[in-house]
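This report refers to the structure that appears directly beneath it.
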Amino acid sequence: MSLESRVLKALLPWRNAPAWRIALSGGLDSTVLLHLLARLAQREALPPLCAIHIHHGLQALADSWPAACRRLCDELGVPLQVDYVQVQPGASIERAARQARYAAFSARLASGEVLLAAQHRDDQAETLLFRLLRGAGVQGLAAMRSSRPLGAGFLLRPLLRCSRAELQAYADEHQLRWVEDPSNADSRFSRNYLRHEVLPLLAERWPQATASLARAAEHLGEAGQLLDELAQQDLQAAQVPGEFSWLTLPSLALTPLLGLSDARQRNALRYWLRNLTPMPDSEHWAGWQALRDAAGNAVPIWRLAAGELRRSDQRLWWLSGDWLCVPQAPAVRLSPGCWLPLAGNGYARIDGQLPGGDWRLAYRQGGEVMSLPGRGHRDLKRLLNERQVPAFVRSRLPLLLCNGELRGVANLPGLDGSGAGQWQLSWQPPINDQGLSC
């Protein structure tokens with residue numbers, strides 16, 4: 001089957017998409033994909049084509065690549081969009097550039113549109129080897145998916161079953177020109193070392209090495225899917241809502257997880273945490289065991305890359321963003337009937353009418369006492385223990401004081417308003433914003 005026929009077959013389910021956008025770097029792979037699709041569009045009823053070039057600004061030579069991409073698109077009659085992105089400095093320039101690139105792609109996609117990327121079978125093999133040498137697990141070793149959601153649309157990889165040699169042969173046949181990124185030849189980069197040094201050596205001994213590695217990645221992808229299905233089953237009983245669902249924080253009941261083997265616990269938690277934080281390495285999972293096995297009256301914390309996992313009264317809570325910061329003392333003018341912003345701690349609201357007096361909002365400092373009808377004076381600490389309020393919430397609960405005396409505790413029925421129903425104190429906690437940190 002020809003290269004064109006295989007690509008068309010791979011894209012058959014997406015023929016009714018509003019648009020096909022091609023990720024065009026200007027290199028061999030994406031040039032072949034663009035040329036191939038432009039030719040197909042001359043005889044097939046395809047969605048409108050458009051190319052997107054992302055300029056990272058990481059090297060001076062790259063300044064000429066948008067012009068090269070524009071010449072190619074003009075020759076093929078395909079519109080081109082050029083986006084300039086800032087790559088955040090860090091330990092891995094490759095990873096940071098990829099994140100910036102896909103963020104730009106995601107922003108470009110309208111609902112239902114697809115982005116076509118030119119990764120091929122050799123890329124699949126390189127990825128497997130690269131991740132294997134980094135000690136990745138089944139999910140990390142799984143094949144690049146042929147399709148996945150991206151922004152409002154989808155990312156497709158129609159060349160995954162095609163080899164780099166086939167793309168080169170197509171380019172030679174059609175006398176295509178493309179740009180060469182000099183960094184692709186620099187074997188100081190791990191992927192380039194695998195591409196130029198390791199894989200050719202393996203191919204000398206095992207000619208089908210690249211195809212076999214790509215096939216192994218597909219098998220691992222299937223195994224990863226089965227592990228995900230097992231995790232979904234194991235999490236069903238743990239995802240029941242708790243008493244403090246108004247916190248709107250990701251949480252799990254711990255008891256159902258304790259009945260699982262250690263391996264199934266880790267698998268379920270990996271699945272649950274996947275969209276919340278980068279996964280820890282194997283040694284770091286000792287933090288989960290310490291949190292799980294801590295004494296019942298302990299307040300254990302497992303710190304991860306993007307937040308913290310807390311345990312409170314047999315429930316797990318995920319905290320990030322403002323939840324990791326100490327909130328500033330409330331300094332807002334009390335105005336009943338509207339939401340009052342609390343610095344780093346969401347919003348508070350007082351409904352009803354406050355009697356005369358010096359009313360103000362505060363947070364717990366320790367030693368507070370509250371007068372309750374029929375119960376006399378009770379320590380706030382004891383009241384919070386009775387309600388089993390999670391420890392990480394207690395210092396954040398807005399308190400309402402009048403002339404220095406505690407009169408209300410937000411969101412706790414029986415403590416959040418006057419006995420006569422004249423007023424009520426409510427709290428809208430902060431959200432887990434992954435982009436925030438102290």
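Simple scheme: letters A, B, ... for chains in structure tokens order, numbers from 1 for residues in each chain, numbers from 1 for ligands in the order shown.
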DSSP helix (DSSP H, G or I) selection over stretch 196-282 of chain A, as a ChimeraX atom specification: /A:196-205,209-239,245-247,255-258,262-273
Test item: residues at most 8 Å from A:Arg396, only C-alpha atoms, excluding those fewer than 3 positions along its chain, as a ChimeraX atom specification: /A:327,345,363-364,392-393
Give me the residues of stretch 161-264 of chain A that have any atom at most 8 Å from an atom of stretch 315-319 of chain A; for each, the nearest atom pair and the distance in Å, rounded to one decimal. Use only C-alpha atoms, sort by chain and number, and format it as JSON lines.
{"residue": "A:Leu249", "atom": "CA", "partner": "A:Trp318", "partner_atom": "CA", "distance": 6.5}
{"residue": "A:Pro250", "atom": "CA", "partner": "A:Trp318", "partner_atom": "CA", "distance": 5.5}
{"residue": "A:Ser251", "atom": "CA", "partner": "A:Trp317", "partner_atom": "CA", "distance": 4.4}
{"residue": "A:Leu252", "atom": "CA", "partner": "A:Leu316", "partner_atom": "CA", "distance": 5.1}
{"residue": "A:Ala253", "atom": "CA", "partner": "A:Arg315", "partner_atom": "CA", "distance": 4.5}
{"residue": "A:Leu254", "atom": "CA", "partner": "A:Arg315", "partner_atom": "CA", "distance": 5.0}
{"residue": "A:Thr255", "atom": "CA", "partner": "A:Arg315", "partner_atom": "CA", "distance": 7.9}
The selected residues should be written to file as a CSV table (one decimal), in the first residue's frame (atoms: N, CA and C atoms).
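Result went into out30.csv, see below:
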chain,number,residue,atom,x,y,z
A,249,LEU,N,-12.5,20.0,46.5
A,249,LEU,CA,-11.1,19.5,46.3
A,249,LEU,C,-11.1,18.1,45.8
A,250,PRO,N,-10.2,17.7,45.0
A,250,PRO,CA,-10.1,16.2,44.6
A,250,PRO,C,-9.8,15.4,45.9
A,251,SER,N,-10.6,14.4,46.1
A,251,SER,CA,-10.4,13.6,47.3
A,251,SER,C,-10.9,12.2,47.1
A,252,LEU,N,-10.4,11.3,47.9
A,252,LEU,CA,-10.7,9.9,47.8
A,252,LEU,C,-11.0,9.3,49.2
A,253,ALA,N,-11.9,8.4,49.4
A,253,ALA,CA,-12.0,7.6,50.6
A,253,ALA,C,-10.8,6.7,50.7
A,254,LEU,N,-10.1,6.6,51.8
A,254,LEU,CA,-8.9,5.8,51.9
A,254,LEU,C,-9.3,4.3,52.1
A,255,THR,N,-10.3,4.0,52.9
A,255,THR,CA,-10.6,2.6,53.3
A,255,THR,C,-10.7,1.7,52.1
Atom CA of A:Leu309 to atom CA of A:Ala294, straight-line distance in Å: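 Computing the Euclidean distance for atom CA of A:Ala294 and atom CA of A:Leu309 yields 13.3 Å.
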All residues 8 Å or closer to stretch 144-158 of chain A, only C-alpha atoms, same chain fewer than 3 positions away omitted, as a list in words: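 Skipping anything fewer than 3 positions along the chain leaves Val7, Ala10, Leu11, Ser106, Ala107, Leu109, Ala110, Ser111, Gly112, Glu113, Val114, Leu115, Leu116, Ala117, Ala118, Gln119, His120, Gln124, Arg161 and Ala217 of chain A.
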Export of prior selection with N, CA and C atoms as a PDB file, in the first residue's frame:
ATOM      1  N   VAL A   7      -1.908   6.928   4.707  1.00  0.00           N
ATOM      2  CA  VAL A   7      -2.260   8.152   5.417  1.00  0.00           C
ATOM      3  C   VAL A   7      -3.753   8.418   5.286  1.00  0.00           C
ATOM      4  N   ALA A  10      -5.611   6.152   7.567  1.00  0.00           N
ATOM      5  CA  ALA A  10      -5.480   6.542   8.973  1.00  0.00           C
ATOM      6  C   ALA A  10      -6.376   7.725   9.319  1.00  0.00           C
ATOM      7  N   LEU A  11      -6.618   8.594   8.326  1.00  0.00           N
ATOM      8  CA  LEU A  11      -7.398   9.803   8.568  1.00  0.00           C
ATOM      9  C   LEU A  11      -8.880   9.650   8.210  1.00  0.00           C
ATOM     10  N   SER A 106      -2.621  24.079  20.846  1.00  0.00           N
ATOM     11  CA  SER A 106      -3.906  23.938  21.524  1.00  0.00           C
ATOM     12  C   SER A 106      -4.732  25.212  21.407  1.00  0.00           C
ATOM     13  N   ALA A 107      -4.061  26.361  21.547  1.00  0.00           N
ATOM     14  CA  ALA A 107      -4.776  27.636  21.461  1.00  0.00           C
ATOM     15  C   ALA A 107      -5.325  27.889  20.058  1.00  0.00           C
ATOM     16  N   LEU A 109      -6.549  25.562  17.935  1.00  0.00           N
ATOM     17  CA  LEU A 109      -7.583  24.620  17.495  1.00  0.00           C
ATOM     18  C   LEU A 109      -8.971  25.065  17.932  1.00  0.00           C
ATOM     19  N   ALA A 110      -9.863  25.225  16.968  1.00  0.00           N
ATOM     20  CA  ALA A 110     -11.270  25.468  17.276  1.00  0.00           C
ATOM     21  C   ALA A 110     -11.957  24.121  17.532  1.00  0.00           C
ATOM     22  N   SER A 111     -13.185  24.161  17.968  1.00  0.00           N
ATOM     23  CA  SER A 111     -13.899  22.944  18.340  1.00  0.00           C
ATOM     24  C   SER A 111     -13.950  21.945  17.191  1.00  0.00           C
ATOM     25  N   GLY A 112     -13.490  20.728  17.464  1.00  0.00           N
ATOM     26  CA  GLY A 112     -13.555  19.648  16.488  1.00  0.00           C
ATOM     27  C   GLY A 112     -12.448  19.631  15.461  1.00  0.00           C
ATOM     28  N   GLU A 113     -11.617  20.675  15.401  1.00  0.00           N
ATOM     29  CA  GLU A 113     -10.525  20.697  14.432  1.00  0.00           C
ATOM     30  C   GLU A 113      -9.427  19.735  14.866  1.00  0.00           C
ATOM     31  N   VAL A 114      -8.616  19.304  13.885  1.00  0.00           N
ATOM     32  CA  VAL A 114      -7.550  18.360  14.210  1.00  0.00           C
ATOM     33  C   VAL A 114      -6.203  18.941  13.808  1.00  0.00           C
ATOM     34  N   LEU A 115      -5.212  18.631  14.631  1.00  0.00           N
ATOM     35  CA  LEU A 115      -3.822  18.975  14.329  1.00  0.00           C
ATOM     36  C   LEU A 115      -3.122  17.705  13.886  1.00  0.00           C
ATOM     37  N   LEU A 116      -2.502  17.735  12.728  1.00  0.00           N
ATOM     38  CA  LEU A 116      -1.799  16.575  12.191  1.00  0.00           C
ATOM     39  C   LEU A 116      -0.304  16.750  12.431  1.00  0.00           C
ATOM     40  N   ALA A 117       0.284  15.829  13.177  1.00  0.00           N
ATOM     41  CA  ALA A 117       1.716  15.852  13.475  1.00  0.00           C
ATOM     42  C   ALA A 117       2.406  14.725  12.723  1.00  0.00           C
ATOM     43  N   ALA A 118       3.694  14.916  12.429  1.00  0.00           N
ATOM     44  CA  ALA A 118       4.396  14.017  11.501  1.00  0.00           C
ATOM     45  C   ALA A 118       5.280  12.983  12.185  1.00  0.00           C
ATOM     46  N   GLN A 119       5.032  12.668  13.460  1.00  0.00           N
ATOM     47  CA  GLN A 119       5.837  11.620  14.090  1.00  0.00           C
ATOM     48  C   GLN A 119       5.622  10.299  13.363  1.00  0.00           C
ATOM     49  N   HIS A 120       6.680   9.516  13.239  1.00  0.00           N
ATOM     50  CA  HIS A 120       6.623   8.268  12.473  1.00  0.00           C
ATOM     51  C   HIS A 120       7.125   7.099  13.304  1.00  0.00           C
ATOM     52  N   GLN A 124       8.689   6.547  17.222  1.00  0.00           N
ATOM     53  CA  GLN A 124       8.087   5.661  18.216  1.00  0.00           C
ATOM     54  C   GLN A 124       9.155   4.803  18.884  1.00  0.00           C
ATOM     55  N   ARG A 161       2.799   4.477  11.455  1.00  0.00           N
ATOM     56  CA  ARG A 161       3.143   3.156  10.910  1.00  0.00           C
ATOM     57  C   ARG A 161       4.060   3.255   9.694  1.00  0.00           C
ATOM     58  N   ALA A 217       6.104  -1.005  21.679  1.00  0.00           N
ATOM     59  CA  ALA A 217       5.458   0.178  22.259  1.00  0.00           C
ATOM     60  C   ALA A 217       3.944   0.078  22.147  1.00  0.00           C
TER      61      ALA A 217
END
Given only C-alpha atoms as the counted atoms, nearest of A:Val299, A:Leu33, A:Ala143, A:Ala420 to A:Leu220: A:Ala143
Atom CA of A:Trp65 to atom CA of A:Val179, straight-line distance in Å: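 Spanning atom CA of A:Val179 to atom CA of A:Trp65 is a straight-line distance of 7.0 Å.
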Every residue of stretch 392-427 of chain A that DSSP places in strand (DSSP E), as number ranges by chain: A: 399-402, 405-409, 423-427
Between atom CA of A:Gln99 and atom CA of A:Met279, distance in Å (one decimal):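 So the answer is 16.7 Å.
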Among the residues A:Ser163, A:Val369, A:Arg101, A:His196, the one that comes closest to A:Asn184 [using only C-alpha atoms]: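 For A:Asn184, the nearest of the candidates is A:His196.
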Env of A:Gly137: 12 Å cut, atoms = only C-alpha atoms, seq-sep filter 4 positions within chain, self excluded. Answer as a short mmCIF file (atom, residue, chain, number, x, y, z; two decimals) with C-alpha atoms, in the first residue's frame.
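The result, stored in part_17.cif:
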data_model
loop_
_atom_site.label_atom_id
_atom_site.label_comp_id
_atom_site.auth_asym_id
_atom_site.auth_seq_id
_atom_site.Cartn_x
_atom_site.Cartn_y
_atom_site.Cartn_z
CA LEU A 128 10.51 3.73 23.74
CA ARG A 131 11.97 6.27 28.25
CA LEU A 132 13.20 2.75 28.95
CA LEU A 133 16.64 4.10 29.78
CA LEU A 141 6.75 3.14 27.71
CA ALA A 142 3.41 3.02 25.92
CA ALA A 217 5.46 0.18 22.26
CA LEU A 220 2.78 -1.61 26.12
CA GLY A 221 0.11 0.88 25.14
CA ALA A 223 -1.15 -3.01 28.67
CA GLY A 224 -1.37 0.58 29.87
CA LEU A 227 -4.10 -0.88 33.83
CA ARG A 266 -0.04 2.60 43.29
CA ASN A 267 -1.77 1.96 39.98
CA ARG A 270 -1.13 7.05 39.47
CA MET A 279 4.36 11.25 38.64
CA PRO A 280 7.09 10.52 41.20
CA ASP A 281 9.83 7.98 40.61
CA SER A 282 9.76 4.58 42.31
#
All residues 9 Å or closer to A:Leu199, only C-alpha atoms, same chain fewer than 4 positions away omitted, as a PyMOL selection string: chain A and resi 125-126+193-195+203-204+209-210
Take the residues from that selection and put them in a file with C-alpha atoms, as an mmCIF file, in the first residue's frame.
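Saved as part-v2.cif:
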data_model
loop_
_atom_site.group_PDB
_atom_site.id
_atom_site.type_symbol
_atom_site.label_atom_id
_atom_site.label_comp_id
_atom_site.auth_asym_id
_atom_site.auth_seq_id
_atom_site.Cartn_x
_atom_site.Cartn_y
_atom_site.Cartn_z
ATOM 1 C CA ALA A 125 11.124 3.396 18.617
ATOM 2 C CA GLU A 126 13.341 6.271 19.809
ATOM 3 C CA TYR A 193 22.400 9.941 20.320
ATOM 4 C CA LEU A 194 19.845 7.155 20.134
ATOM 5 C CA ARG A 195 18.916 8.124 16.564
ATOM 6 C CA ALA A 203 19.790 -2.338 12.961
ATOM 7 C CA GLU A 204 23.100 -3.863 11.842
ATOM 8 C CA ALA A 209 14.836 -3.455 15.276
ATOM 9 C CA THR A 210 12.950 -0.203 14.705
#
